[in-house]
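*Asks:* Here you go, this is work.csv (CSV, N, CA and C atoms).
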```
chain,number,residue,atom,x,y,z
R,1,MET,N,41.0,119.9,198.3
R,1,MET,CA,39.6,120.2,197.9
R,1,MET,C,39.5,121.6,197.5
R,2,SER,N,38.9,121.9,196.4
R,2,SER,CA,38.7,123.3,196.0
R,2,SER,C,37.8,124.0,196.8
R,3,PRO,N,37.9,125.4,196.9
R,3,PRO,CA,36.9,126.2,197.7
R,3,PRO,C,35.5,125.9,197.3
R,4,LEU,N,35.2,125.7,196.0
R,4,LEU,CA,33.8,125.4,195.5
R,4,LEU,C,33.3,124.1,196.1
R,5,ASN,N,34.2,123.1,196.1
R,5,ASN,CA,33.8,121.8,196.7
R,5,ASN,C,33.6,121.9,198.2
R,6,ARG,N,34.4,122.6,198.8
R,6,ARG,CA,34.3,122.8,200.3
R,6,ARG,C,33.0,123.6,200.6
R,7,ARG,N,32.7,124.6,199.8
R,7,ARG,CA,31.5,125.4,200.0
R,7,ARG,C,30.2,124.5,199.8
R,8,SER,N,30.2,123.7,198.7
R,8,SER,CA,29.1,122.8,198.5
R,8,SER,C,29.0,121.7,199.6
R,9,GLN,N,30.1,121.2,200.1
R,9,GLN,CA,30.1,120.3,201.2
R,9,GLN,C,29.6,120.9,202.4
R,10,GLY,N,30.0,122.2,202.7
R,10,GLY,CA,29.5,122.9,203.8
R,10,GLY,C,28.0,123.1,203.8
R,11,LYS,N,27.5,123.5,202.6
R,11,LYS,CA,26.1,123.7,202.4
R,11,LYS,C,25.3,122.4,202.6
R,12,ALA,N,25.8,121.3,202.1
R,12,ALA,CA,25.2,120.0,202.3
R,12,ALA,C,25.1,119.6,203.8
R,13,GLY,N,26.2,119.9,204.5
R,13,GLY,CA,26.2,119.6,206.0
R,13,GLY,C,25.2,120.5,206.7
R,14,GLU,N,25.1,121.8,206.3
R,14,GLU,CA,24.1,122.7,206.9
R,14,GLU,C,22.7,122.3,206.6
R,15,ASP,N,22.5,121.8,205.4
R,15,ASP,CA,21.1,121.3,205.0
R,15,ASP,C,20.7,120.1,205.8
R,16,LEU,N,21.7,119.2,206.0
R,16,LEU,CA,21.4,118.0,206.8
R,16,LEU,C,21.2,118.4,208.3
R,17,ALA,N,22.0,119.3,208.8
R,17,ALA,CA,21.8,119.8,210.2
R,17,ALA,C,20.5,120.4,210.4
R,18,ALA,N,20.1,121.3,209.4
R,18,ALA,CA,18.8,122.0,209.6
R,18,ALA,C,17.6,121.0,209.6
R,19,HIS,N,17.7,120.0,208.7
R,19,HIS,CA,16.6,119.0,208.6
R,19,HIS,C,16.6,118.2,209.9
R,20,PHE,N,17.8,117.8,210.4
R,20,PHE,CA,17.8,117.1,211.7
R,20,PHE,C,17.2,117.9,212.8
R,21,LEU,N,17.6,119.2,212.9
R,21,LEU,CA,17.0,120.0,214.0
R,21,LEU,C,15.5,120.2,213.9
R,22,GLU,N,15.1,120.4,212.6
R,22,GLU,CA,13.6,120.5,212.4
R,22,GLU,C,12.9,119.3,212.9
R,23,GLN,N,13.5,118.1,212.5
R,23,GLN,CA,12.9,116.8,212.9
R,23,GLN,C,12.9,116.6,214.4
R,24,SER,N,13.8,117.3,215.1
R,24,SER,CA,13.9,117.3,216.6
R,24,SER,C,13.0,118.3,217.2
R,25,GLY,N,12.3,119.1,216.4
R,25,GLY,CA,11.3,120.1,217.0
R,25,GLY,C,11.8,121.5,217.0
R,26,LEU,N,13.0,121.8,216.5
R,26,LEU,CA,13.4,123.2,216.5
R,26,LEU,C,12.9,123.9,215.2
R,27,LYS,N,12.7,125.2,215.3
R,27,LYS,CA,12.3,126.0,214.1
R,27,LYS,C,13.5,126.8,213.6
R,28,ILE,N,13.9,126.6,212.4
R,28,ILE,CA,15.0,127.3,211.8
R,28,ILE,C,14.5,128.8,211.5
R,29,LEU,N,15.2,129.8,212.0
R,29,LEU,CA,14.9,131.1,211.8
R,29,LEU,C,15.8,131.8,210.7
R,30,GLU,N,17.0,131.4,210.8
R,30,GLU,CA,18.0,132.0,209.8
R,30,GLU,C,19.1,131.0,209.5
R,31,ARG,N,19.6,131.2,208.3
R,31,ARG,CA,20.7,130.3,207.8
R,31,ARG,C,21.8,131.3,207.4
R,32,ASN,N,23.0,131.0,207.7
R,32,ASN,CA,24.2,131.8,207.3
R,32,ASN,C,24.0,133.2,207.7
R,33,PHE,N,23.7,133.5,208.9
R,33,PHE,CA,23.5,134.9,209.3
R,33,PHE,C,24.9,135.5,209.5
R,34,ARG,N,25.1,136.6,208.8
R,34,ARG,CA,26.3,137.4,208.8
R,34,ARG,C,26.2,138.7,209.6
R,35,PHE,N,27.2,139.0,210.4
R,35,PHE,CA,27.3,140.2,211.1
R,35,PHE,C,28.7,140.6,211.2
R,36,GLU,N,29.1,141.8,210.6
R,36,GLU,CA,30.4,142.2,210.6
R,36,GLU,C,31.3,141.2,209.9
R,37,ARG,N,32.3,140.6,210.5
R,37,ARG,CA,33.2,139.6,209.8
R,37,ARG,C,32.9,138.2,210.2
R,38,GLY,N,31.7,138.0,210.9
R,38,GLY,CA,31.5,136.6,211.3
R,38,GLY,C,30.1,136.1,210.7
R,39,GLU,N,29.9,134.8,211.0
R,39,GLU,CA,28.7,134.1,210.5
R,39,GLU,C,28.3,133.1,211.5
R,40,ILE,N,27.0,132.9,211.6
R,40,ILE,CA,26.5,131.8,212.4
R,40,ILE,C,25.7,130.9,211.3
R,41,ASP,N,26.0,129.6,211.4
R,41,ASP,CA,25.4,128.7,210.4
R,41,ASP,C,23.9,128.6,210.5
R,42,LEU,N,23.4,128.4,211.7
R,42,LEU,CA,21.9,128.3,211.8
R,42,LEU,C,21.5,129.0,213.1
R,43,ILE,N,20.4,129.7,213.0
R,43,ILE,CA,19.7,130.3,214.2
R,43,ILE,C,18.4,129.7,214.2
R,44,ALA,N,18.0,129.1,215.4
R,44,ALA,CA,16.8,128.4,215.5
R,44,ALA,C,16.1,128.8,216.8
R,45,GLU,N,14.9,128.3,217.0
R,45,GLU,CA,14.3,128.5,218.3
R,45,GLU,C,13.7,127.2,218.8
R,46,GLU,N,13.7,127.0,220.1
R,46,GLU,CA,13.1,125.8,220.7
R,46,GLU,C,12.3,126.3,221.9
R,47,GLY,N,11.0,126.4,221.7
R,47,GLY,CA,10.2,127.0,222.7
R,47,GLY,C,10.5,128.5,222.7
R,48,GLU,N,10.9,129.1,223.9
R,48,GLU,CA,11.2,130.5,224.0
R,48,GLU,C,12.7,130.7,223.8
R,49,GLU,N,13.5,129.6,223.7
R,49,GLU,CA,14.9,129.7,223.7
R,49,GLU,C,15.5,129.9,222.2
R,50,LEU,N,16.3,130.9,222.1
R,50,LEU,CA,17.1,131.1,220.8
R,50,LEU,C,18.3,130.2,220.8
R,51,VAL,N,18.5,129.5,219.7
R,51,VAL,CA,19.6,128.5,219.6
R,51,VAL,C,20.5,128.9,218.5
R,52,PHE,N,21.7,129.3,218.8
R,52,PHE,CA,22.7,129.6,217.8
R,52,PHE,C,23.6,128.3,217.5
R,53,VAL,N,23.6,127.9,216.3
R,53,VAL,CA,24.2,126.6,216.0
R,53,VAL,C,25.4,126.7,215.0
R,54,GLU,N,26.5,126.1,215.4
R,54,GLU,CA,27.6,125.9,214.6
R,54,GLU,C,27.6,124.5,214.0
R,55,VAL,N,27.7,124.4,212.7
R,55,VAL,CA,27.7,123.0,212.1
R,55,VAL,C,29.1,122.7,211.6
R,56,LYS,N,29.6,121.5,211.9
R,56,LYS,CA,30.9,121.0,211.5
R,56,LYS,C,30.7,119.6,210.9
R,57,ALA,N,31.3,119.4,209.7
R,57,ALA,CA,31.2,118.1,209.1
R,57,ALA,C,32.6,117.7,208.7
R,58,ARG,N,32.8,116.4,208.8
R,58,ARG,CA,34.1,115.8,208.5
R,58,ARG,C,33.9,114.5,207.8
R,59,ARG,N,34.8,114.2,206.8
R,59,ARG,CA,34.8,112.9,206.1
R,59,ARG,C,35.6,111.9,206.8
R,60,SER,N,36.5,112.3,207.7
R,60,SER,CA,37.3,111.4,208.5
R,60,SER,C,37.6,112.1,209.8
R,61,ASN,N,38.0,111.3,210.8
R,61,ASN,CA,38.4,111.9,212.1
R,61,ASN,C,39.9,112.0,212.2
R,62,ALA,N,40.6,112.0,211.1
R,62,ALA,CA,42.1,112.1,211.1
R,62,ALA,C,42.6,113.4,211.8
R,63,PHE,N,41.8,114.4,211.8
R,63,PHE,CA,42.1,115.7,212.4
R,63,PHE,C,41.3,115.9,213.7
R,64,GLY,N,40.7,114.8,214.2
R,64,GLY,CA,39.8,114.9,215.4
R,64,GLY,C,38.4,114.9,215.0
R,65,ALA,N,37.5,115.0,216.0
R,65,ALA,CA,36.1,115.0,215.8
R,65,ALA,C,35.7,116.3,215.3
R,66,PRO,N,34.6,116.4,214.5
R,66,PRO,CA,34.1,117.7,213.9
R,66,PRO,C,34.0,118.8,215.0
R,67,GLU,N,33.4,118.4,216.1
R,67,GLU,CA,33.2,119.5,217.2
R,67,GLU,C,34.5,120.0,217.7
R,68,ASP,N,35.6,119.3,217.5
R,68,ASP,CA,36.9,119.8,218.0
R,68,ASP,C,37.4,121.1,217.2
R,69,ALA,N,36.8,121.2,216.0
R,69,ALA,CA,37.1,122.4,215.1
R,69,ALA,C,36.4,123.7,215.6
R,70,VAL,N,35.6,123.6,216.6
R,70,VAL,CA,34.9,124.8,217.2
R,70,VAL,C,35.8,125.2,218.3
R,71,THR,N,36.9,125.9,217.9
R,71,THR,CA,37.9,126.4,218.9
R,71,THR,C,37.4,127.5,219.7
R,72,GLU,N,38.2,127.9,220.7
R,72,GLU,CA,37.8,129.0,221.6
R,72,GLU,C,37.6,130.3,220.7
R,73,LYS,N,38.5,130.5,219.8
R,73,LYS,CA,38.4,131.7,218.9
R,73,LYS,C,37.1,131.7,218.1
R,74,LYS,N,36.7,130.5,217.6
R,74,LYS,CA,35.5,130.4,216.8
R,74,LYS,C,34.3,130.6,217.8
R,75,GLN,N,34.3,130.1,219.0
R,75,GLN,CA,33.3,130.3,220.0
R,75,GLN,C,33.1,131.8,220.2
R,76,GLU,N,34.2,132.5,220.4
R,76,GLU,CA,34.1,134.0,220.6
R,76,GLU,C,33.5,134.7,219.4
R,77,GLN,N,33.9,134.3,218.2
R,77,GLN,CA,33.3,134.9,217.0
R,77,GLN,C,31.8,134.6,217.0
R,78,VAL,N,31.3,133.4,217.3
R,78,VAL,CA,29.9,133.1,217.2
R,78,VAL,C,29.2,133.9,218.3
R,79,HIS,N,29.8,134.0,219.5
R,79,HIS,CA,29.1,134.9,220.5
R,79,HIS,C,29.0,136.3,220.0
R,80,ALA,N,30.0,136.9,219.4
R,80,ALA,CA,29.9,138.2,218.9
R,80,ALA,C,28.8,138.4,217.8
R,81,VAL,N,28.7,137.4,216.9
R,81,VAL,CA,27.7,137.5,215.9
R,81,VAL,C,26.3,137.3,216.5
R,82,ALA,N,26.2,136.5,217.5
R,82,ALA,CA,24.9,136.3,218.2
R,82,ALA,C,24.5,137.6,218.9
R,83,GLU,N,25.5,138.4,219.5
R,83,GLU,CA,25.2,139.7,220.1
R,83,GLU,C,24.7,140.6,219.0
R,84,GLY,N,25.3,140.6,217.8
R,84,GLY,CA,24.8,141.4,216.7
R,84,GLY,C,23.4,141.0,216.3
R,85,TYR,N,23.1,139.7,216.2
R,85,TYR,CA,21.7,139.3,215.9
R,85,TYR,C,20.7,139.8,216.9
R,86,LEU,N,21.0,139.7,218.2
R,86,LEU,CA,20.2,140.2,219.2
R,86,LEU,C,20.0,141.7,219.1
R,87,PHE,N,21.0,142.4,218.8
R,87,PHE,CA,20.9,143.9,218.7
R,87,PHE,C,20.1,144.3,217.5
R,88,LEU,N,20.3,143.7,216.4
R,88,LEU,CA,19.6,144.0,215.2
R,88,LEU,C,18.1,143.7,215.3
R,89,HIS,N,17.7,142.7,216.1
R,89,HIS,CA,16.4,142.2,216.2
R,89,HIS,C,15.7,142.8,217.5
R,90,ASP,N,16.5,143.7,218.2
R,90,ASP,CA,16.0,144.3,219.5
R,90,ASP,C,15.5,143.3,220.5
R,91,ILE,N,16.3,142.3,220.7
R,91,ILE,CA,16.0,141.2,221.6
R,91,ILE,C,17.0,141.4,222.8
R,92,ASP,N,16.4,141.5,224.0
R,92,ASP,CA,17.3,141.7,225.2
R,92,ASP,C,16.8,140.8,226.4
R,93,ASP,N,15.8,140.0,226.2
R,93,ASP,CA,15.3,139.3,227.4
R,93,ASP,C,14.9,137.9,227.1
R,94,ARG,N,15.6,137.3,226.1
R,94,ARG,CA,15.2,135.9,225.7
R,94,ARG,C,16.3,135.0,226.0
R,95,PRO,N,16.0,133.8,226.5
R,95,PRO,CA,17.1,132.9,226.8
R,95,PRO,C,17.8,132.4,225.5
R,96,CYS,N,19.1,132.2,225.6
R,96,CYS,CA,19.9,131.8,224.4
R,96,CYS,C,20.8,130.6,224.8
R,97,ARG,N,21.1,129.8,223.8
R,97,ARG,CA,22.1,128.8,224.0
R,97,ARG,C,22.9,128.6,222.7
R,98,PHE,N,24.1,128.0,222.8
R,98,PHE,CA,25.0,127.7,221.7
R,98,PHE,C,25.2,126.2,221.6
R,99,ASP,N,24.8,125.7,220.4
R,99,ASP,CA,24.9,124.3,220.1
R,99,ASP,C,25.8,124.0,219.0
R,100,ILE,N,26.3,122.8,218.9
R,100,ILE,CA,27.1,122.3,217.8
R,100,ILE,C,26.4,121.1,217.2
R,101,VAL,N,26.3,121.1,215.9
R,101,VAL,CA,25.8,119.9,215.2
R,101,VAL,C,27.1,119.3,214.5
R,102,ALA,N,27.5,118.2,214.9
R,102,ALA,CA,28.7,117.5,214.4
R,102,ALA,C,28.3,116.4,213.5
R,103,ILE,N,28.8,116.4,212.2
R,103,ILE,CA,28.4,115.4,211.3
R,103,ILE,C,29.7,114.7,210.8
R,104,GLU,N,29.7,113.3,210.9
R,104,GLU,CA,30.8,112.5,210.4
R,104,GLU,C,30.2,111.6,209.4
R,105,TYR,N,30.9,111.6,208.2
R,105,TYR,CA,30.5,110.7,207.1
R,105,TYR,C,31.3,109.4,207.2
R,106,ARG,N,30.6,108.3,207.4
R,106,ARG,CA,31.2,107.0,207.6
R,106,ARG,C,30.5,106.0,206.6
R,107,ASN,N,31.3,105.4,205.8
R,107,ASN,CA,30.8,104.4,204.8
R,107,ASN,C,29.5,104.9,204.1
R,108,GLY,N,29.6,106.2,203.7
R,108,GLY,CA,28.5,106.7,202.9
R,108,GLY,C,27.3,107.2,203.7
R,109,THR,N,27.4,107.1,205.0
R,109,THR,CA,26.3,107.4,205.9
R,109,THR,C,26.7,108.6,206.8
R,110,ALA,N,25.8,109.5,207.0
R,110,ALA,CA,26.1,110.6,207.9
R,110,ALA,C,25.6,110.3,209.3
R,111,GLU,N,26.6,110.4,210.2
R,111,GLU,CA,26.3,110.3,211.7
R,111,GLU,C,26.2,111.7,212.2
R,112,ILE,N,25.1,112.0,212.8
R,112,ILE,CA,24.8,113.4,213.3
R,112,ILE,C,24.8,113.3,214.9
R,113,HIS,N,25.6,114.2,215.5
R,113,HIS,CA,25.6,114.4,216.9
R,113,HIS,C,25.3,115.8,217.3
R,114,HIS,N,24.2,116.0,218.0
R,114,HIS,CA,23.7,117.3,218.4
R,114,HIS,C,24.2,117.6,219.8
R,115,ILE,N,25.1,118.6,220.0
R,115,ILE,CA,25.6,118.9,221.3
R,115,ILE,C,24.9,120.2,221.8
R,116,ARG,N,24.0,120.0,222.7
R,116,ARG,CA,23.3,121.2,223.3
R,116,ARG,C,24.2,121.9,224.3
R,117,ASP,N,24.0,123.2,224.3
R,117,ASP,CA,24.8,124.0,225.3
R,117,ASP,C,26.3,123.7,225.2
R,118,ALA,N,26.8,123.6,224.0
R,118,ALA,CA,28.2,123.2,223.7
R,118,ALA,C,29.2,124.2,224.3
R,119,PHE,N,28.8,125.5,224.3
R,119,PHE,CA,29.8,126.5,224.8
R,119,PHE,C,29.0,127.7,225.2
```
Mind turning the file's structure into structure tokens?
*Replies:*
Amino acid sequence: MSPLNRRSQGKAGEDLAAHFLEQSGLKILERNFRFERGEIDLIAEEGEELVFVEVKARRSNAFGAPEDAVTEKKQEQVHAVAEGYLFLHDIDDRPCRFDIVAIEYRNGTAEIHHIRDAF
């Protein structure tokens, strides 16, 4: 798959995840927030809680479930970027959590699994 196709597939997955989260009552604050060398796909809020979301989409589970791609190294990167977000927005007393939205495409249908407090 070319980088352009991978990028458009990633954006489609993020669009789907953002819509799903909004329908679940979360408010999307940021998309593709970059800090230094890392990125967080979605930053949302649910009540007073900030939610940092990693989105993973797969067309098959030949290489495992989408959420399996959120390795320990990726989790550390997301934590570091979240700290950057908190610093830049002068936030030091707000509860935060880290979620994964895993999307599997099966028979032309997207199955979405929202994992709260994933890491």
*Asks:* Report the distance between CA of Asp92 (chain R) and CA of Arg37 (chain R) in Å, rounded to one decimal place.
*Replies:*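 CA of Arg37 (chain R) lies at a distance of 22.2 Å from CA of Asp92 (chain R).
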*Asks:* Using only C-alpha atoms, which residue out of R:Leu21, R:Val51, R:Val81, R:Ala69 lies closest to Glu39 (chain R)?
*Replies:*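 Using only C-alpha atoms, Glu39 (chain R) sits closest to R:Val81.
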*Asks:* So the first atom is CA of Gly38 (chain R) and the second is CA of Glu54 (chain R); what is the distance between them in Å, to one decimal place?
*Replies:*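 Computing it gives 11.9 Å between the two atoms.
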*Asks:* Between R:Ala118, R:Ala18, R:Ala44, R:Leu26, which residue has the minimum interatomic distance to Asp99 (chain R), considering only C-alpha atoms?
*Replies:*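 Closest to Asp99 (chain R) of all the choices is R:Ala118.
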*Asks:* Within 6.5 Å of (27.8, 113.9, 214.4), in the coordinates the file gives, what residues turn up when you count only N, CA and C atoms, written out as a ChimeraX atom specification?
*Replies:* /R:101-104,111-114
*Asks:* Hey, can you check how far atom N of Ala110 (chain R) sits from atom C of Arg58 (chain R)?
*Replies:* 9.6 Å
*Asks:* Listed atoms of region 15-30 of chain R, axis-aligned box, 4 Å per side: centre and edge lengths to one decimal in Å, as AutoDock Vina command-line options?
*Replies:*
```
--center_x 16.9 --center_y 124.3 --center_z 211.1 --size_x 19.2 --size_y 23.4 --size_z 20.2
```
*Asks:* From the set R:Ala82, R:Leu88, R:Arg94, R:Ile100, which residue has the shortest atom-to-atom contact distance to Ala65 (chain R), counting only C-alpha atoms?
*Replies:*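 Among the listed residues, R:Ile100 lies closest to Ala65 (chain R).
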*Asks:* Which parts of chain R does DSSP call strand (DSSP E or B) when run on the backbone here, written out as an NGL selection string?
*Replies:* :R and (27-35 or 38-46 or 49-58 or 96-106 or 109-115)
*Asks:* Would you mind writing down, as JSON, numbers by chain, each residue of chain R that DSSP on the backbone assigns to alpha helix (DSSP H)?
*Replies:* {"R": [3, 4, 5, 6, 7, 8, 9, 10, 11, 12, 13, 14, 15, 16, 17, 18, 19, 20, 21, 22, 23, 72, 73, 74, 75, 76, 77, 78, 79, 80, 81, 82, 83, 84, 85, 86, 87, 88]}
*Asks:* Could the residues in this selection be saved with N, CA and C atoms as a short mmCIF file (atom, residue, chain, number, x, y, z; two decimals), in the frame of the given file?
*Replies:*
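Saved to again24.cif:
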```cif
data_model
loop_
_atom_site.label_atom_id
_atom_site.label_comp_id
_atom_site.auth_asym_id
_atom_site.auth_seq_id
_atom_site.Cartn_x
_atom_site.Cartn_y
_atom_site.Cartn_z
N PRO R 3 37.90 125.40 196.90
CA PRO R 3 36.90 126.20 197.70
C PRO R 3 35.50 125.90 197.30
N LEU R 4 35.20 125.70 196.00
CA LEU R 4 33.80 125.40 195.50
C LEU R 4 33.30 124.10 196.10
N ASN R 5 34.20 123.10 196.10
CA ASN R 5 33.80 121.80 196.70
C ASN R 5 33.60 121.90 198.20
N ARG R 6 34.40 122.60 198.80
CA ARG R 6 34.30 122.80 200.30
C ARG R 6 33.00 123.60 200.60
N ARG R 7 32.70 124.60 199.80
CA ARG R 7 31.50 125.40 200.00
C ARG R 7 30.20 124.50 199.80
N SER R 8 30.20 123.70 198.70
CA SER R 8 29.10 122.80 198.50
C SER R 8 29.00 121.70 199.60
N GLN R 9 30.10 121.20 200.10
CA GLN R 9 30.10 120.30 201.20
C GLN R 9 29.60 120.90 202.40
N GLY R 10 30.00 122.20 202.70
CA GLY R 10 29.50 122.90 203.80
C GLY R 10 28.00 123.10 203.80
N LYS R 11 27.50 123.50 202.60
CA LYS R 11 26.10 123.70 202.40
C LYS R 11 25.30 122.40 202.60
N ALA R 12 25.80 121.30 202.10
CA ALA R 12 25.20 120.00 202.30
C ALA R 12 25.10 119.60 203.80
N GLY R 13 26.20 119.90 204.50
CA GLY R 13 26.20 119.60 206.00
C GLY R 13 25.20 120.50 206.70
N GLU R 14 25.10 121.80 206.30
CA GLU R 14 24.10 122.70 206.90
C GLU R 14 22.70 122.30 206.60
N ASP R 15 22.50 121.80 205.40
CA ASP R 15 21.10 121.30 205.00
C ASP R 15 20.70 120.10 205.80
N LEU R 16 21.70 119.20 206.00
CA LEU R 16 21.40 118.00 206.80
C LEU R 16 21.20 118.40 208.30
N ALA R 17 22.00 119.30 208.80
CA ALA R 17 21.80 119.80 210.20
C ALA R 17 20.50 120.40 210.40
N ALA R 18 20.10 121.30 209.40
CA ALA R 18 18.80 122.00 209.60
C ALA R 18 17.60 121.00 209.60
N HIS R 19 17.70 120.00 208.70
CA HIS R 19 16.60 119.00 208.60
C HIS R 19 16.60 118.20 209.90
N PHE R 20 17.80 117.80 210.40
CA PHE R 20 17.80 117.10 211.70
C PHE R 20 17.20 117.90 212.80
N LEU R 21 17.60 119.20 212.90
CA LEU R 21 17.00 120.00 214.00
C LEU R 21 15.50 120.20 213.90
N GLU R 22 15.10 120.40 212.60
CA GLU R 22 13.60 120.50 212.40
C GLU R 22 12.90 119.30 212.90
N GLN R 23 13.50 118.10 212.50
CA GLN R 23 12.90 116.80 212.90
C GLN R 23 12.90 116.60 214.40
N GLU R 72 38.20 127.90 220.70
CA GLU R 72 37.80 129.00 221.60
C GLU R 72 37.60 130.30 220.70
N LYS R 73 38.50 130.50 219.80
CA LYS R 73 38.40 131.70 218.90
C LYS R 73 37.10 131.70 218.10
N LYS R 74 36.70 130.50 217.60
CA LYS R 74 35.50 130.40 216.80
C LYS R 74 34.30 130.60 217.80
N GLN R 75 34.30 130.10 219.00
CA GLN R 75 33.30 130.30 220.00
C GLN R 75 33.10 131.80 220.20
N GLU R 76 34.20 132.50 220.40
CA GLU R 76 34.10 134.00 220.60
C GLU R 76 33.50 134.70 219.40
N GLN R 77 33.90 134.30 218.20
CA GLN R 77 33.30 134.90 217.00
C GLN R 77 31.80 134.60 217.00
N VAL R 78 31.30 133.40 217.30
CA VAL R 78 29.90 133.10 217.20
C VAL R 78 29.20 133.90 218.30
N HIS R 79 29.80 134.00 219.50
CA HIS R 79 29.10 134.90 220.50
C HIS R 79 29.00 136.30 220.00
N ALA R 80 30.00 136.90 219.40
CA ALA R 80 29.90 138.20 218.90
C ALA R 80 28.80 138.40 217.80
N VAL R 81 28.70 137.40 216.90
CA VAL R 81 27.70 137.50 215.90
C VAL R 81 26.30 137.30 216.50
N ALA R 82 26.20 136.50 217.50
CA ALA R 82 24.90 136.30 218.20
C ALA R 82 24.50 137.60 218.90
N GLU R 83 25.50 138.40 219.50
CA GLU R 83 25.20 139.70 220.10
C GLU R 83 24.70 140.60 219.00
N GLY R 84 25.30 140.60 217.80
CA GLY R 84 24.80 141.40 216.70
C GLY R 84 23.40 141.00 216.30
N TYR R 85 23.10 139.70 216.20
CA TYR R 85 21.70 139.30 215.90
C TYR R 85 20.70 139.80 216.90
N LEU R 86 21.00 139.70 218.20
CA LEU R 86 20.20 140.20 219.20
C LEU R 86 20.00 141.70 219.10
N PHE R 87 21.00 142.40 218.80
CA PHE R 87 20.90 143.90 218.70
C PHE R 87 20.10 144.30 217.50
N LEU R 88 20.30 143.70 216.40
CA LEU R 88 19.60 144.00 215.20
C LEU R 88 18.10 143.70 215.30
#
```
